[in-house]
Amino acid sequence: MTAKSKLLRMDNVGIVVESLDEAISFFVELGLKLEGRATVEGEWAGRVTGLGNQSVEIAMMVTPDGHSRLEISRFLRPSVVADHRNAPVNALGYLRVMFAVTDINDTIARLKKHGAELIGEVVNYEDIYLLCYLRGPEGIMVALAEQLGEKSVKDVLGNP
């Protein structure tokens with residue numbers, strides 16, 4: 001009998017962009033740190049992604065606590081085949097990444113200097129969080145959450 005494999009962690013979330021430099025600048029302003037940047041290419045990489053002989057520039061960004069990563073990619077080969085950057089929040093698929101911040105209004109103001117636009121409005125959820133969605137460079141959607149007190153979402157949603 002073999003032991004069941006256990007999930008260890010979520011390693012990263014990937015976003016494909018046209019301008020790696022603009023995306024890095026935006027996420028540095030948000031508070032992530034550039035952990036590394038490289039070009040990944042060749043037939044071996046295409047075997048992983050199913051894209052064949054690919055060439056992609058990647059930048060790995062890490063959150064201040066070191067636990068979460070964002071992989072930003074710019075495909076050189078093959079060319080991009082679809083564009084979901086202007087999809088609404090309720091479109092199917094992966095659309096946004098949420099970040100916890102200490103001051104949502106300050107964060108919004110800083111990100112606006114990098115072209116970010118508020119999608120809706122900043123909303124108070126149950127006096128637990130202030131929440132909002134933003135579009136950054138190239139339409140990248142991010143959500144921000146500022147915790148207001150000791151109560152957590154788990155207190156409202158309950159445990160499964």
# chains A, B, ... in the order shown; residues from 1 in each chain; ligands from 1

call {"tool": "residues_around", "arguments": {"residues": "Ala100 of chain A", "least_positions_apart": "3", "cutoff": "10 Å", "atoms": "only C-alpha atoms", "output": "list in words"}}
result
Asp103, Ile104, Tyr129, Leu130, Leu131, Ala143, Leu144, Ala145, Glu146 and Gln147 of chain A

call {"tool": "residues_around", "arguments": {"residues": "Gly136 of chain A", "least_positions_apart": "3", "cutoff": "8 Å", "atoms": "only C-alpha atoms", "output": "PyMOL selection string"}}
result
chain A and resi 26+111+114-117+139-142

call {"tool": "closest_residue", "arguments": {"among": "A:Pro78, A:Gly66, A:Gly149, A:Pro137", "to": "Leu20 of chain A", "atoms": "only C-alpha atoms"}}
result
A:Pro137

call {"tool": "select_by_dssp", "arguments": {"residues": "chain A", "states": "alpha helix (DSSP H)", "output": "VMD selection string"}}
result
chain A and resid 20 to 30 43 to 49 104 to 112 153 to 157

call {"tool": "select_by_dssp", "arguments": {"residues": "chain A", "states": "strand (DSSP E)", "output": "ChimeraX atom specification"}}
result
/A:13-16,33-42,54-62,69-77,96-100,117-118,123-125,129-135,141-147

call {"tool": "residues_around", "arguments": {"residues": "segment 36-40 of chain A", "least_positions_apart": "2", "cutoff": "8 Å", "atoms": "only C-alpha atoms", "output": "PyMOL selection string"}}
result
chain A and resi 34+42+45+54-61

call {"tool": "write_last_selection", "arguments": {"atoms": "N, CA, C and O atoms", "output": "PDB file, in the first residue's frame"}}
result
ATOM      1  N   LEU A  34      11.112  41.497  -6.834  1.00  0.00           N
ATOM      2  CA  LEU A  34      11.578  40.699  -7.958  1.00  0.00           C
ATOM      3  C   LEU A  34      12.577  39.684  -7.425  1.00  0.00           C
ATOM      4  O   LEU A  34      13.636  40.030  -6.920  1.00  0.00           O
ATOM      5  N   GLY A  42      13.250  26.202 -25.303  1.00  0.00           N
ATOM      6  CA  GLY A  42      13.656  24.901 -25.787  1.00  0.00           C
ATOM      7  C   GLY A  42      12.530  23.898 -25.819  1.00  0.00           C
ATOM      8  O   GLY A  42      11.426  24.128 -25.306  1.00  0.00           O
ATOM      9  N   ALA A  45      10.935  22.671 -22.422  1.00  0.00           N
ATOM     10  CA  ALA A  45       9.926  23.553 -21.821  1.00  0.00           C
ATOM     11  C   ALA A  45       8.584  23.375 -22.521  1.00  0.00           C
ATOM     12  O   ALA A  45       7.529  23.381 -21.887  1.00  0.00           O
ATOM     13  N   GLN A  54       9.341  26.390 -27.354  1.00  0.00           N
ATOM     14  CA  GLN A  54       8.936  27.722 -26.905  1.00  0.00           C
ATOM     15  C   GLN A  54      10.111  28.532 -26.377  1.00  0.00           C
ATOM     16  O   GLN A  54      11.153  28.001 -26.020  1.00  0.00           O
ATOM     17  N   SER A  55       9.895  29.841 -26.327  1.00  0.00           N
ATOM     18  CA  SER A  55      10.832  30.767 -25.711  1.00  0.00           C
ATOM     19  C   SER A  55      10.009  31.788 -24.949  1.00  0.00           C
ATOM     20  O   SER A  55       9.141  32.447 -25.520  1.00  0.00           O
ATOM     21  N   VAL A  56      10.249  31.890 -23.650  1.00  0.00           N
ATOM     22  CA  VAL A  56       9.444  32.776 -22.810  1.00  0.00           C
ATOM     23  C   VAL A  56      10.339  33.445 -21.775  1.00  0.00           C
ATOM     24  O   VAL A  56      11.180  32.796 -21.166  1.00  0.00           O
ATOM     25  N   GLU A  57      10.180  34.755 -21.635  1.00  0.00           N
ATOM     26  CA  GLU A  57      10.863  35.493 -20.572  1.00  0.00           C
ATOM     27  C   GLU A  57       9.978  35.419 -19.340  1.00  0.00           C
ATOM     28  O   GLU A  57       8.764  35.658 -19.436  1.00  0.00           O
ATOM     29  N   ILE A  58      10.554  35.100 -18.199  1.00  0.00           N
ATOM     30  CA  ILE A  58       9.764  35.057 -16.974  1.00  0.00           C
ATOM     31  C   ILE A  58      10.405  35.919 -15.900  1.00  0.00           C
ATOM     32  O   ILE A  58      11.622  36.106 -15.871  1.00  0.00           O
ATOM     33  N   ALA A  59       9.559  36.444 -15.044  1.00  0.00           N
ATOM     34  CA  ALA A  59      10.000  37.159 -13.850  1.00  0.00           C
ATOM     35  C   ALA A  59       9.231  36.561 -12.687  1.00  0.00           C
ATOM     36  O   ALA A  59       8.010  36.425 -12.749  1.00  0.00           O
ATOM     37  N   MET A  60       9.945  36.172 -11.641  1.00  0.00           N
ATOM     38  CA  MET A  60       9.293  35.617 -10.454  1.00  0.00           C
ATOM     39  C   MET A  60       9.265  36.709  -9.391  1.00  0.00           C
ATOM     40  O   MET A  60      10.296  37.235  -9.005  1.00  0.00           O
ATOM     41  N   MET A  61       8.056  37.029  -8.950  1.00  0.00           N
ATOM     42  CA  MET A  61       7.835  38.035  -7.914  1.00  0.00           C
ATOM     43  C   MET A  61       7.432  37.308  -6.636  1.00  0.00           C
ATOM     44  O   MET A  61       6.713  36.311  -6.694  1.00  0.00           O
TER      45      MET A  61
END

call {"tool": "atom_distance", "arguments": {"atom1": "atom CA of Val97 of chain A", "atom2": "atom CA of Glu121 of chain A"}}
result
17.0 Å

call {"tool": "atom_distance", "arguments": {"atom1": "atom CA of Ala109 of chain A", "atom2": "atom CA of Leu30 of chain A"}}
result
10.5 Å
